[in-house]
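See below for entry35.cif, which holds mmCIF, C-alpha atoms and all ligand atoms.
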data_data
#
loop_
_atom_site.label_atom_id
_atom_site.label_comp_id
_atom_site.auth_asym_id
_atom_site.auth_seq_id
_atom_site.Cartn_x
_atom_site.Cartn_y
_atom_site.Cartn_z
CA MET O 57 53.21 -43.39 -25.08
CA LEU O 58 52.21 -46.63 -23.42
CA GLN O 59 51.16 -49.27 -25.93
CA ILE O 60 48.95 -52.10 -24.70
CA PRO O 61 47.32 -54.66 -26.95
CA ASN O 62 43.66 -53.89 -27.43
CA ARG O 63 42.44 -57.17 -25.97
CA PHE O 64 44.13 -56.49 -22.61
CA LEU O 65 42.40 -53.17 -22.23
CA SER O 66 39.10 -54.83 -21.46
CA LEU O 67 40.09 -54.50 -17.83
CA LEU O 68 40.14 -51.13 -16.23
CA ALA O 69 43.68 -50.44 -15.14
CA VAL O 70 43.89 -48.11 -12.21
CA GLY O 71 47.31 -47.19 -11.02
CA MET O 72 49.13 -44.14 -9.77
CA GLY O 73 45.96 -42.10 -10.09
CA LEU O 74 45.49 -42.89 -13.76
CA ILE O 75 42.82 -44.85 -15.55
CA LEU O 76 43.55 -46.44 -18.88
CA ILE O 77 40.60 -46.25 -21.17
CA PRO O 78 39.54 -49.84 -21.59
CA SER O 79 38.41 -51.68 -24.64
CA CYS O 80 34.88 -53.08 -24.62
CA ASP O 81 33.05 -55.21 -27.16
CA PHE O 82 31.36 -52.30 -28.83
CA MET O 83 34.70 -50.53 -29.11
CA ASP O 84 36.28 -53.44 -30.90
CA LYS O 85 33.56 -53.33 -33.55
CA SER O 86 34.09 -49.64 -34.16
CA ALA O 87 37.84 -50.12 -34.05
CA LYS O 88 37.62 -52.57 -36.93
CA THR O 89 36.04 -49.86 -39.03
CA ASN O 90 38.73 -47.32 -38.31
CA GLN O 91 42.19 -48.37 -37.23
CA SER O 92 43.38 -44.90 -36.33
CA VAL O 93 40.43 -44.50 -33.99
CA ALA O 94 41.39 -47.73 -32.22
CA GLU O 95 44.99 -46.59 -31.88
CA LYS O 96 43.96 -43.28 -30.40
CA LYS O 97 41.68 -44.98 -27.89
CA GLU O 98 44.50 -47.22 -26.74
CA ASN O 99 46.68 -44.21 -26.15
CA LEU O 100 44.20 -42.12 -24.23
CA ILE O 101 44.88 -41.84 -20.54
CA PHE O 102 42.56 -39.99 -18.24
CA GLN O 103 43.12 -38.65 -14.78
CA GLU O 104 40.98 -40.42 -12.29
CA SER O 105 39.51 -37.43 -10.52
CA LEU O 106 38.88 -33.74 -10.55
CA GLY O 107 41.99 -31.65 -10.25
CA PHE O 108 40.13 -28.62 -8.90
CA ASN O 109 37.75 -27.75 -6.12
CA LEU O 110 34.14 -27.70 -7.29
CA GLU O 111 33.02 -25.11 -4.74
CA GLU O 112 35.81 -22.76 -5.81
CA GLN O 113 34.75 -23.19 -9.43
CA PHE O 114 31.14 -22.33 -8.53
CA GLN O 115 32.43 -19.22 -6.74
CA PHE O 116 34.41 -18.24 -9.83
CA CYS O 117 31.29 -18.65 -11.97
CA GLU O 118 29.27 -16.53 -9.55
CA GLU O 119 31.87 -13.76 -9.64
CA GLN O 120 31.83 -13.79 -13.44
CA LEU O 121 28.02 -13.69 -13.45
CA LYS O 122 27.97 -10.67 -11.15
CA LYS O 123 29.99 -8.82 -13.77
CA SER O 124 27.91 -9.90 -16.76
CA ALA O 125 24.56 -9.31 -15.02
CA ALA O 126 25.60 -5.78 -14.07
CA GLY O 127 26.38 -5.06 -17.71
CA HIS O 128 23.21 -6.64 -19.09
CA THR O 129 20.37 -4.17 -18.65
CA ASP O 130 18.30 -4.51 -21.83
CA TYR O 131 16.35 -7.73 -21.31
CA ASN O 132 15.33 -7.84 -24.94
CA THR O 133 18.94 -8.74 -25.69
CA HIS O 134 21.05 -11.62 -24.44
CA PRO O 135 24.75 -12.23 -23.89
CA ARG O 136 25.99 -14.42 -26.74
CA LEU O 137 29.73 -14.16 -27.36
CA ILE O 138 32.92 -12.41 -26.37
CA GLU O 139 35.43 -11.93 -29.15
CA SER O 140 38.99 -12.83 -28.37
CA GLY O 141 40.66 -9.72 -26.89
CA ASP O 142 37.34 -8.25 -25.65
CA THR O 143 36.17 -8.27 -22.06
CA HIS O 144 32.39 -7.98 -22.18
CA TRP O 145 29.61 -9.94 -23.83
CA GLU O 146 28.19 -8.92 -27.18
CA MET O 147 24.44 -8.78 -26.72
CA PRO O 148 22.37 -9.32 -29.84
CA LYS O 149 18.62 -8.68 -29.78
CA ASN O 150 16.36 -11.50 -28.73
CA ASP O 151 14.51 -12.89 -31.73
CA VAL O 152 12.42 -15.94 -32.46
CA LEU O 153 15.06 -17.03 -34.98
CA VAL O 154 17.95 -16.88 -32.49
CA TRP O 155 18.54 -20.24 -30.83
CA THR O 156 20.74 -18.87 -28.02
CA VAL O 157 18.21 -16.66 -26.18
CA GLY O 158 17.54 -19.14 -23.35
CA PHE O 159 21.08 -19.89 -22.21
CA TYR O 160 21.84 -16.80 -20.15
CA PRO O 161 18.59 -17.01 -18.14
CA GLY O 162 19.32 -20.73 -17.83
CA ILE O 163 22.75 -19.99 -16.36
CA LEU O 164 21.21 -17.56 -13.86
CA TRP O 165 18.63 -20.17 -12.81
CA GLN O 166 21.44 -22.66 -12.31
CA MET O 167 23.27 -20.15 -10.12
CA TYR O 168 20.09 -19.77 -8.07
CA ASP O 169 19.99 -23.55 -7.74
CA ILE O 170 23.63 -23.63 -6.59
CA THR O 171 23.51 -20.70 -4.15
CA HIS O 172 19.80 -20.49 -3.18
CA LYS O 173 20.21 -16.71 -3.26
CA GLU O 174 17.02 -14.80 -4.12
CA TYR O 175 19.16 -12.33 -6.04
CA TRP O 176 19.91 -14.90 -8.75
CA LYS O 177 16.28 -15.94 -8.97
CA GLU O 178 15.29 -12.32 -9.60
CA GLU O 179 18.04 -11.87 -12.17
CA ALA O 180 16.95 -15.07 -13.91
CA LEU O 181 13.28 -14.10 -13.95
CA LYS O 182 13.98 -10.70 -15.52
CA ARG O 183 15.58 -12.48 -18.48
CA THR O 184 13.17 -15.42 -18.68
CA LEU O 185 9.81 -13.65 -18.87
CA PRO O 186 10.59 -11.71 -22.10
CA LEU O 187 10.99 -15.07 -23.87
CA GLU O 188 7.35 -16.11 -23.37
CA PRO O 189 6.14 -15.17 -26.90
CA TYR O 190 8.56 -17.72 -28.36
CA LYS O 191 6.33 -20.51 -27.04
CA TYR O 192 4.45 -20.19 -30.33
CA ASN O 193 7.55 -20.62 -32.49
CA LYS O 194 6.94 -23.13 -35.27
CA GLU O 195 9.63 -21.84 -37.61
CA HIS O 196 12.46 -24.12 -36.46
CA HIS O 197 13.31 -26.82 -33.91
CA ASP O 198 15.33 -24.68 -31.50
CA ILE O 199 12.35 -23.95 -29.27
CA GLY O 200 13.66 -26.75 -27.05
CA PHE O 201 16.94 -24.94 -26.42
CA MET O 202 15.17 -21.58 -26.11
CA MET O 203 12.43 -22.58 -23.68
CA TYR O 204 13.60 -25.69 -21.82
CA CYS O 205 16.90 -24.07 -20.78
CA SER O 206 15.05 -20.98 -19.48
CA TYR O 207 11.44 -21.79 -18.54
CA GLY O 208 12.37 -25.42 -17.92
CA GLN O 209 14.79 -24.37 -15.18
CA ALA O 210 12.29 -21.79 -13.91
CA TYR O 211 9.61 -24.45 -13.50
CA ARG O 212 12.00 -27.00 -12.01
CA LEU O 213 13.07 -24.52 -9.34
CA THR O 214 9.79 -22.76 -8.56
CA GLY O 215 7.01 -25.16 -9.57
CA LYS O 216 4.93 -22.23 -10.85
CA LYS O 217 2.02 -23.25 -13.04
CA GLU O 218 2.44 -20.35 -15.46
CA TYR O 219 5.92 -21.56 -16.41
CA ARG O 220 4.58 -25.08 -16.91
CA ASP O 221 1.92 -23.69 -19.28
CA VAL O 222 4.57 -21.91 -21.32
CA LEU O 223 6.55 -25.13 -21.63
CA ILE O 224 3.55 -27.21 -22.65
CA GLN O 225 2.66 -24.70 -25.36
CA SER O 226 6.31 -24.85 -26.48
CA ALA O 227 6.14 -28.64 -26.76
CA LYS O 228 2.89 -28.33 -28.75
CA SER O 229 4.61 -25.95 -31.14
CA LEU O 230 7.62 -28.24 -31.54
CA ILE O 231 5.62 -31.34 -32.48
CA THR O 232 3.94 -29.48 -35.36
CA ARG O 233 7.29 -29.93 -37.12
CA PHE O 234 7.18 -33.74 -36.91
CA ASN O 235 6.73 -35.49 -40.25
CA PRO O 236 5.43 -39.04 -39.69
CA LYS O 237 6.47 -40.13 -43.19
CA VAL O 238 10.07 -39.28 -42.30
CA GLY O 239 9.96 -40.06 -38.61
CA THR O 240 11.75 -36.90 -37.51
CA ILE O 241 11.09 -33.30 -36.53
CA LYS O 242 12.08 -30.87 -39.27
CA SER O 243 14.94 -28.83 -37.82
CA TRP O 244 15.41 -25.98 -40.27
CA SER O 245 13.24 -24.18 -42.78
CA ASN O 246 14.09 -24.39 -46.47
CA GLU O 247 13.68 -20.63 -46.77
CA LEU O 248 16.60 -19.98 -44.42
CA HIS O 249 18.58 -22.99 -45.69
CA PRO O 250 17.86 -23.11 -49.44
CA GLN O 251 20.72 -25.54 -50.09
CA TRP O 252 18.24 -28.22 -49.00
CA LYS O 253 14.86 -28.48 -50.71
CA GLU O 254 12.93 -30.89 -48.49
CA HIS O 255 12.90 -32.15 -44.89
CA ILE O 256 16.08 -31.13 -43.02
CA THR O 257 17.08 -32.77 -39.73
CA ILE O 258 20.29 -31.87 -37.90
CA ILE O 259 21.97 -33.77 -35.09
CA ASP O 260 21.51 -30.81 -32.70
CA ASN O 261 17.78 -31.60 -32.77
CA MET O 262 18.40 -34.44 -30.30
CA LEU O 263 18.61 -31.90 -27.46
CA ASN O 264 15.16 -30.49 -28.20
CA LEU O 265 13.63 -33.89 -27.42
CA GLU O 266 14.08 -33.35 -23.68
CA LEU O 267 11.22 -30.83 -23.72
CA LEU O 268 8.98 -33.48 -25.30
CA PHE O 269 9.82 -36.18 -22.76
CA TRP O 270 9.10 -33.65 -20.03
CA ALA O 271 5.74 -32.69 -21.61
CA SER O 272 4.52 -36.28 -21.67
CA LYS O 273 5.46 -36.82 -18.04
CA GLU O 274 3.67 -33.60 -17.03
CA THR O 275 0.49 -34.06 -19.07
CA GLY O 276 0.19 -37.84 -19.23
CA ASP O 277 -0.24 -37.50 -23.00
CA PRO O 278 2.16 -39.93 -24.75
CA VAL O 279 2.16 -38.01 -28.04
CA TYR O 280 5.23 -35.91 -27.19
CA ARG O 281 7.25 -38.86 -25.98
CA ASP O 282 6.26 -41.04 -28.95
CA ILE O 283 7.49 -38.36 -31.34
CA ALA O 284 10.73 -37.97 -29.38
CA VAL O 285 11.39 -41.72 -29.45
CA LYS O 286 10.63 -41.98 -33.17
CA HIS O 287 12.93 -39.04 -33.89
CA ALA O 288 15.73 -40.63 -31.87
CA GLU O 289 15.29 -43.97 -33.65
CA THR O 290 15.22 -42.45 -37.14
CA THR O 291 18.26 -40.32 -36.37
CA MET O 292 20.08 -43.37 -35.02
CA ALA O 293 19.38 -45.19 -38.29
CA ASN O 294 20.35 -42.43 -40.71
CA HIS O 295 22.62 -39.87 -39.12
CA PHE O 296 25.66 -42.05 -38.29
CA ARG O 297 28.52 -43.72 -40.11
CA ASP O 298 29.76 -47.24 -39.39
CA ASP O 299 32.24 -45.87 -36.84
CA PHE O 300 29.41 -44.05 -34.99
CA SER O 301 30.54 -40.59 -36.01
CA CYS O 302 27.66 -38.41 -37.09
CA TYR O 303 26.70 -36.28 -40.02
CA HIS O 304 25.52 -32.81 -39.18
CA VAL O 305 22.63 -32.52 -41.63
CA VAL O 306 20.43 -35.22 -43.18
CA GLU O 307 17.92 -34.23 -45.84
CA TYR O 308 14.91 -36.53 -46.26
CA ASP O 309 12.32 -36.84 -49.00
CA GLU O 310 9.34 -35.29 -47.25
CA ASN O 311 6.85 -37.66 -48.91
CA THR O 312 8.64 -41.02 -48.76
CA GLY O 313 11.08 -40.49 -45.89
CA ALA O 314 13.98 -41.64 -48.07
CA VAL O 315 17.35 -40.07 -47.33
CA ARG O 316 18.23 -37.56 -50.06
CA ASN O 317 21.57 -36.20 -48.81
CA LYS O 318 23.98 -36.30 -45.89
CA ASN O 319 25.91 -33.07 -45.46
CA THR O 320 27.42 -30.59 -43.09
CA SER O 321 26.77 -26.95 -42.45
CA GLN O 322 28.99 -26.14 -39.48
CA GLY O 323 31.56 -28.91 -39.92
CA TYR O 324 34.67 -28.86 -42.11
CA ALA O 325 33.34 -31.24 -44.78
CA ASP O 326 30.35 -33.46 -45.41
CA GLU O 327 32.39 -36.55 -44.48
CA SER O 328 34.26 -35.03 -41.54
CA VAL O 329 33.15 -35.09 -37.90
CA TRP O 330 31.97 -31.75 -36.56
CA ALA O 331 32.98 -31.83 -32.89
CA ARG O 332 29.88 -30.16 -31.46
CA GLY O 333 27.64 -32.40 -33.53
CA GLN O 334 29.26 -35.48 -31.99
CA ALA O 335 28.91 -33.85 -28.56
CA TRP O 336 25.17 -33.28 -29.18
CA ALA O 337 24.93 -37.01 -29.95
CA VAL O 338 26.71 -37.96 -26.69
CA TYR O 339 24.42 -35.76 -24.65
CA GLY O 340 21.29 -36.52 -26.67
CA TYR O 341 21.41 -40.33 -26.60
CA SER O 342 22.37 -40.40 -22.91
CA MET O 343 19.32 -38.24 -22.19
CA VAL O 344 17.05 -40.40 -24.39
CA TYR O 345 18.17 -43.51 -22.50
CA ARG O 346 17.54 -41.77 -19.17
CA GLU O 347 14.01 -40.96 -20.34
CA THR O 348 13.11 -44.29 -21.99
CA GLY O 349 15.16 -46.96 -20.22
CA ASP O 350 15.41 -48.65 -23.63
CA PRO O 351 18.77 -50.51 -23.75
CA LYS O 352 19.24 -49.83 -27.46
CA PHE O 353 19.68 -46.15 -26.62
CA LEU O 354 22.19 -46.92 -23.86
CA ASP O 355 24.18 -49.08 -26.25
CA PHE O 356 24.13 -46.28 -28.80
CA ALA O 357 25.06 -43.59 -26.27
CA LYS O 358 28.15 -45.65 -25.40
CA LYS O 359 29.10 -46.04 -29.05
CA VAL O 360 28.80 -42.36 -29.95
CA SER O 361 30.64 -41.45 -26.74
CA GLU O 362 33.51 -43.78 -27.61
CA ARG O 363 33.76 -42.09 -31.00
CA TYR O 364 33.78 -38.70 -29.32
CA ILE O 365 36.54 -39.75 -26.91
CA ALA O 366 38.56 -41.21 -29.77
CA GLY O 367 38.54 -37.86 -31.56
CA LEU O 368 40.10 -35.93 -28.68
CA PRO O 369 43.60 -34.48 -28.67
CA GLU O 370 45.89 -34.70 -25.66
CA ASP O 371 44.18 -31.97 -23.65
CA TYR O 372 40.71 -33.51 -24.22
CA ILE O 373 39.28 -30.35 -25.81
CA PRO O 374 38.38 -31.08 -29.43
CA TYR O 375 39.41 -29.14 -32.44
CA TRP O 376 36.21 -27.69 -33.91
CA ASP O 377 36.21 -30.58 -36.36
CA PHE O 378 37.86 -33.91 -35.60
CA SER O 379 39.40 -34.06 -39.07
CA LEU O 380 41.54 -31.03 -38.20
CA THR O 381 43.03 -32.42 -34.99
CA GLY O 382 46.59 -31.18 -34.58
CA LYS O 383 46.40 -28.85 -37.55
CA LYS O 384 48.26 -25.61 -36.88
CA GLY O 385 46.05 -22.54 -36.69
CA GLU O 386 42.79 -24.46 -36.28
CA SER O 387 40.65 -23.49 -33.31
CA ARG O 388 39.23 -25.61 -30.51
CA ASP O 389 35.64 -25.87 -29.42
CA ALA O 390 35.26 -25.62 -25.65
CA SER O 391 31.48 -25.62 -26.11
CA ALA O 392 31.64 -29.15 -27.52
CA ALA O 393 33.83 -30.14 -24.57
CA ALA O 394 31.36 -28.73 -22.04
CA ILE O 395 28.37 -30.43 -23.72
CA ALA O 396 30.22 -33.74 -23.90
CA ALA O 397 31.39 -33.48 -20.27
CA SER O 398 27.82 -32.97 -19.10
CA GLY O 399 26.61 -35.86 -21.27
CA LEU O 400 29.39 -38.20 -20.13
CA ILE O 401 28.64 -37.50 -16.47
CA GLU O 402 25.03 -38.41 -17.14
CA LEU O 403 26.13 -41.53 -19.03
CA SER O 404 28.39 -42.54 -16.14
CA SER O 405 25.35 -42.52 -13.88
CA LEU O 406 23.34 -44.72 -16.27
CA VAL O 407 25.73 -47.50 -17.32
CA LYS O 408 25.44 -50.78 -15.48
CA THR O 409 29.00 -51.75 -14.58
CA THR O 410 31.40 -50.07 -12.19
CA GLU O 411 34.02 -50.31 -14.90
CA LEU O 412 32.00 -48.18 -17.30
CA GLN O 413 30.83 -45.81 -14.59
CA LYS O 414 34.48 -45.11 -13.79
CA ARG O 415 35.37 -44.86 -17.44
CA TYR O 416 32.88 -42.14 -18.32
CA ARG O 417 33.40 -40.27 -15.10
CA ALA O 418 37.15 -40.29 -15.73
CA ALA O 419 36.62 -39.02 -19.27
CA ALA O 420 34.39 -36.20 -18.01
CA ASP O 421 36.85 -35.32 -15.26
CA ALA O 422 39.69 -35.10 -17.75
CA ILE O 423 37.64 -32.71 -19.89
CA LEU O 424 36.59 -30.59 -16.90
CA ASN O 425 40.17 -30.45 -15.58
CA SER O 426 41.24 -28.98 -18.88
CA LEU O 427 38.31 -26.54 -19.10
CA ALA O 428 38.99 -25.28 -15.57
CA SER O 429 42.70 -24.79 -16.26
CA PRO O 430 44.23 -21.44 -17.26
CA ALA O 431 44.33 -22.64 -20.88
CA TYR O 432 40.52 -22.51 -21.17
CA SER O 433 39.25 -20.62 -18.11
CA ALA O 434 38.20 -17.01 -18.68
CA LYS O 435 39.46 -16.04 -15.22
CA ASN O 436 41.19 -12.64 -15.40
CA VAL O 437 40.54 -12.54 -19.16
CA ASN O 438 36.87 -11.69 -19.75
CA ASP O 439 33.37 -11.99 -18.25
CA ALA O 440 32.65 -15.54 -19.44
CA PHE O 441 33.46 -18.86 -17.75
CA LEU O 442 35.25 -20.40 -20.73
CA LEU O 443 37.45 -19.28 -23.60
CA HIS O 444 38.11 -20.91 -26.98
CA SER O 445 34.82 -22.03 -28.47
CA THR O 446 33.97 -22.13 -32.14
CA GLY O 447 30.40 -21.57 -33.30
CA ALA O 448 30.23 -21.72 -37.08
CA LYS O 449 33.63 -21.57 -38.72
CA PRO O 450 32.56 -22.32 -42.32
CA GLN O 451 30.22 -19.32 -42.10
CA GLY O 452 33.10 -17.22 -40.68
CA ASN O 453 31.19 -16.77 -37.39
CA GLU O 454 32.29 -17.12 -33.78
CA ILE O 455 35.79 -18.46 -34.21
CA ASP O 456 37.84 -18.92 -31.03
CA VAL O 457 35.49 -16.89 -28.84
CA ALA O 458 33.63 -17.24 -25.56
CA LEU O 459 30.12 -18.57 -26.20
CA ILE O 460 27.12 -18.48 -23.90
CA TYR O 461 26.16 -22.09 -24.51
CA ALA O 462 29.66 -23.27 -23.59
CA ASP O 463 29.12 -21.58 -20.22
CA TYR O 464 25.61 -23.04 -19.84
CA TYR O 465 26.75 -26.63 -20.33
CA TYR O 466 29.92 -26.09 -18.29
CA LEU O 467 27.89 -24.99 -15.28
CA GLU O 468 25.49 -27.89 -15.82
CA ALA O 469 28.43 -30.32 -15.99
CA LEU O 470 29.84 -28.94 -12.72
CA ARG O 471 26.43 -29.31 -11.06
CA ARG O 472 26.01 -32.84 -12.37
CA ARG O 473 29.52 -33.69 -11.20
CA LYS O 474 28.75 -32.40 -7.75
CA SER O 475 25.63 -34.50 -7.41
CA LEU O 476 27.54 -37.53 -8.66
CA SER O 477 30.12 -37.00 -5.90
CA GLU O 478 27.36 -36.64 -3.32
CA LYS O 479 25.80 -39.95 -4.37
CA SER O 480 29.00 -41.98 -4.35
N1 LIG U 501 22.59 -25.83 -32.33
C1 LIG U 501 23.40 -24.92 -33.04
C2 LIG U 501 24.84 -25.18 -32.88
O1 LIG U 501 25.26 -26.10 -32.22
O2 LIG U 501 25.59 -24.39 -33.43
#
File written out as structure tokens:
Amino acid sequence: MLQIPNRFLSLLAVGMGLILIPSCDFMDKSAKTNQSVAEKKENLIFQESLGFNLEEQFQFCEEQLKKSAAGHTDYNTHPRLIESGDTHWEMPKNDVLVWTVGFYPGILWQMYDITHKEYWKEEALKRTLPLEPYKYNKEHHDIGFMMYCSYGQAYRLTGKKEYRDVLIQSAKSLITRFNPKVGTIKSWSNELHPQWKEHITIIDNMLNLELLFWASKETGDPVYRDIAVKHAETTMANHFRDDFSCYHVVEYDENTGAVRNKNTSQGYADESVWARGQAWAVYGYSMVYRETGDPKFLDFAKKVSERYIAGLPEDYIPYWDFSLTGKKGESRDASAAAIAASGLIELSSLVKTTELQKRYRAAADAILNSLASPAYSAKNVNDAFLLHSTGAKPQGNEIDVALIYADYYYLEALRRRKSLSEKS
């Protein structure tokens, strides 16, 4: 593998269709904290551009959706996973406690956006409307995933007032979980997660903030946005190590806001780096910068993204936990890859220099090239878009399967990539 001294990598080297991942000031700081991370960064080489045709990939996704929609007839259930070796989606019942209910309708709305076919709008609506009662959910933070991915897309694409009302009620429900003494939204209940006794915040919560930013823009009421910003700031202060890798779970004293514990639930170990958690951070801080324009969030989005990139193996799809990279028998997490690809494309459109724009676009392209390849594509295998995701390995759940949220963020990443190409 090509070895180049770190200091020379501050220039983007483009040659023979390859981009060397450059070193920037913020990378050097993180490199000092973790030599192996720095070495990996120096060795990473990304392809400059997409190795597949975007329109053909959209057509593939549409063909897969035709199959899954035909098999999904009970709209009080939702496609969630396909076990390795199976062909069709398992469809658990919709429930207020199930964070994944909004992704399938969200995929169908995205397909409507891509194709403008009324058929997909109708299919999306049939699966969106049954979710309305969840707008009152105050039991956990996932209302952002549940409602913004479904009703959020519905409102974006139709402008219908009734969908807006559902979303505003959802935002109202979410902010009831904000604890001003802590400065974050409480993610999980102690009843369902008795290992933690007080205020639990998980990194995934960053994604639910998008609903709050939207609500402030729609209503003119700053309360939602103020809570989102405070949550992002508190999480930035407490959820990350010196090398910008993140903990999954932080428990706070609910009265003083002091940190009680830093743990994992879905990662390998408390001090390891759960791949999807780091991907949520990439996506989440890029989105928070887009919404606030505050440079401290851009700086942080770059740092957590560099840490994500540094944890990748040669095919750019992470092992489900970075600490297990290269370990025989350990599974990958294509869902983390899809989330990170979507976040990196967004980041590439927000950074200020051409060098960094190219860097993050190249990183996203390398991930997408791998996801679209036969190694990860579900083409001719099952009804999903992507294979090889891992949901919750420590709990023994969803190991090396197709997952609905991998497909949701994959389609979003492809759409974002297309609009990036159209702008440049
Ligand atoms: N937000 C739940 C998960 O990433 O598994």
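Between ligand LIG 501 (chain U) and the residues O:Gln166, O:Ser391, O:Asn425, O:Asn132, the shortest atom-to-atom distance, using all atoms listed in the file, involves O:Ser391.
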Counting only C-alpha atoms and all ligand atoms, what are the residues of chain O within 10 Å of ligand LIG 501 (chain U), and for each of them which pair of atoms is the nearest and at what distance in Å, to one decimal? Sort the table by chain and rising number, as a Markdown table.
| residue | atom | partner | partner_atom | distance |
| --- | --- | --- | --- | --- |
| O:Val154 | CA | U:LIG501 | C1 | 9.7 |
| O:Trp155 | CA | U:LIG501 | N1 | 7.1 |
| O:Thr156 | CA | U:LIG501 | C1 | 8.3 |
| O:His197 | CA | U:LIG501 | N1 | 9.5 |
| O:Asp198 | CA | U:LIG501 | N1 | 7.4 |
| O:Phe201 | CA | U:LIG501 | N1 | 8.2 |
| O:Ser243 | CA | U:LIG501 | N1 | 9.9 |
| O:Ile258 | CA | U:LIG501 | N1 | 8.5 |
| O:Ile259 | CA | U:LIG501 | N1 | 8.4 |
| O:Asp260 | CA | U:LIG501 | N1 | 5.1 |
| O:Asn261 | CA | U:LIG501 | N1 | 7.5 |
| O:Met262 | CA | U:LIG501 | N1 | 9.8 |
| O:Leu263 | CA | U:LIG501 | N1 | 8.7 |
| O:Asn264 | CA | U:LIG501 | N1 | 9.7 |
| O:His304 | CA | U:LIG501 | O1 | 9.7 |
| O:Ser321 | CA | U:LIG501 | O2 | 9.5 |
| O:Gln322 | CA | U:LIG501 | O2 | 7.2 |
| O:Gly323 | CA | U:LIG501 | O2 | 9.9 |
| O:Trp330 | CA | U:LIG501 | O1 | 9.8 |
| O:Ala331 | CA | U:LIG501 | O1 | 9.6 |
| O:Arg332 | CA | U:LIG501 | O1 | 6.2 |
| O:Gly333 | CA | U:LIG501 | O1 | 6.9 |
| O:Ala335 | CA | U:LIG501 | O1 | 9.3 |
| O:Trp336 | CA | U:LIG501 | O1 | 7.8 |
| O:Ser391 | CA | U:LIG501 | O1 | 8.7 |
| O:Ala392 | CA | U:LIG501 | O1 | 8.5 |
| O:Thr446 | CA | U:LIG501 | O2 | 8.8 |
| O:Gly447 | CA | U:LIG501 | O2 | 5.6 |
| O:Ala448 | CA | U:LIG501 | O2 | 6.5 |
| O:Glu454 | CA | U:LIG501 | O2 | 9.9 |
| O:Tyr461 | CA | U:LIG501 | O1 | 8.7 |
Per-residue nearest contacts segment 105-196 of chain O to segment 245-254 of chain O, cut-off 12 Å, using all atoms listed in the file, as CSV:
residue,atom,partner,partner_atom,distance
O:Leu153,CA,O:Leu248,CA,10.0
O:Lys194,CA,O:Ser245,CA,9.9
O:Glu195,CA,O:Ser245,CA,6.7
O:His196,CA,O:Ser245,CA,6.4
Written file, previous selection with C-alpha atoms, as a short mmCIF file (atom, residue, chain, number, x, y, z; two decimals), in the coordinates of the input:
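Here's the written file result28.cif:
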data_model
loop_
_atom_site.label_atom_id
_atom_site.label_comp_id
_atom_site.auth_asym_id
_atom_site.auth_seq_id
_atom_site.Cartn_x
_atom_site.Cartn_y
_atom_site.Cartn_z
CA LEU O 153 15.06 -17.03 -34.98
CA LYS O 194 6.94 -23.13 -35.27
CA GLU O 195 9.63 -21.84 -37.61
CA HIS O 196 12.46 -24.12 -36.46
#
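Of the residues listed (O:Lys435, O:Arg471, O:Lys173, O:Arg183), O:Lys435 shows the shortest atom-to-atom separation from Lys123 of chain O; distances use only C-alpha atoms.
Summary of the local environment: counting all atoms listed in the file, residues at most 12 Å from Glu274 of chain O, other than itself and those fewer than 4 positions away along its chain, are Gly208, Tyr211, Arg212, Gly215, Lys217, Arg220, Asp221, Leu223, Ile224, Ala227, Leu267, Leu268, Phe269, Trp270, Pro278, Val279, Tyr280 and Arg281 of chain O.
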Can you tell me which residues surround Asn317 of chain O at a distance of at most 10 Å, considering only C-alpha atoms, apart from same-chain residues fewer than 5 positions away, and format the answer as number ranges by chain?
O: 252, 256, 305-309, 326
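In terms of minimum interatomic distance to Asp439 of chain O, O:Ala458 ranks closest within O:Ser361, O:Phe356, O:Ala458, O:Asp421, counting all atoms listed in the file.
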What does the structure give for the distance between atom CA of Tyr219 of chain O and atom CA of Lys474 of chain O, in Å to one decimal?
26.7 Å
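The space separating atom CA of Ser272 of chain O from atom CA of Lys359 of chain O comes to 27.5 Å.
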Between atom CA of Glu402 of chain O and atom CA of Arg346 of chain O, measure the distance and give it in Å to one decimal.
8.5 Å
Let me make sure I understand: among O:Glu478, O:Asp299, O:Glu370, O:Glu179, which one has the smallest atom-to-atom distance to Met167 of chain O if we use only C-alpha atoms?
O:Glu179
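You can rank O:Gln209, O:Ser328, O:Asn311, O:Thr240 by their closest distance to Met292 of chain O using only C-alpha atoms, and at the top of that list sits O:Thr240.
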Between O:Tyr160, O:Glu310, O:His172, O:Phe234, which one has atoms that come closest to Met203 of chain O, using all atoms listed in the file?
O:Tyr160
Would you pick out the contacts of Tyr372 of chain O at 8 Å or less, using all atoms listed in the file, so that residues sharing its chain but fewer than 6 positions from it are not included, and give the list as JSON, numbers by chain?
{"O": [365, 393, 422, 423, 426]}
8 Å per side around segment 360-379 of chain O: axis-aligned box centre and edge lengths, as AutoDock Vina command-line options:
--center_x 37.3 --center_y -35.7 --center_z -31.4 --size_x 33.1 --size_y 32.1 --size_z 31.4
Neighbour residues at most 12 Å from (21.3, -44.3, -26.0) (only C-alpha atoms) as a ChimeraX atom specification
/O:262,285,288-289,291-292,337-361,399-400,402-403,406-407
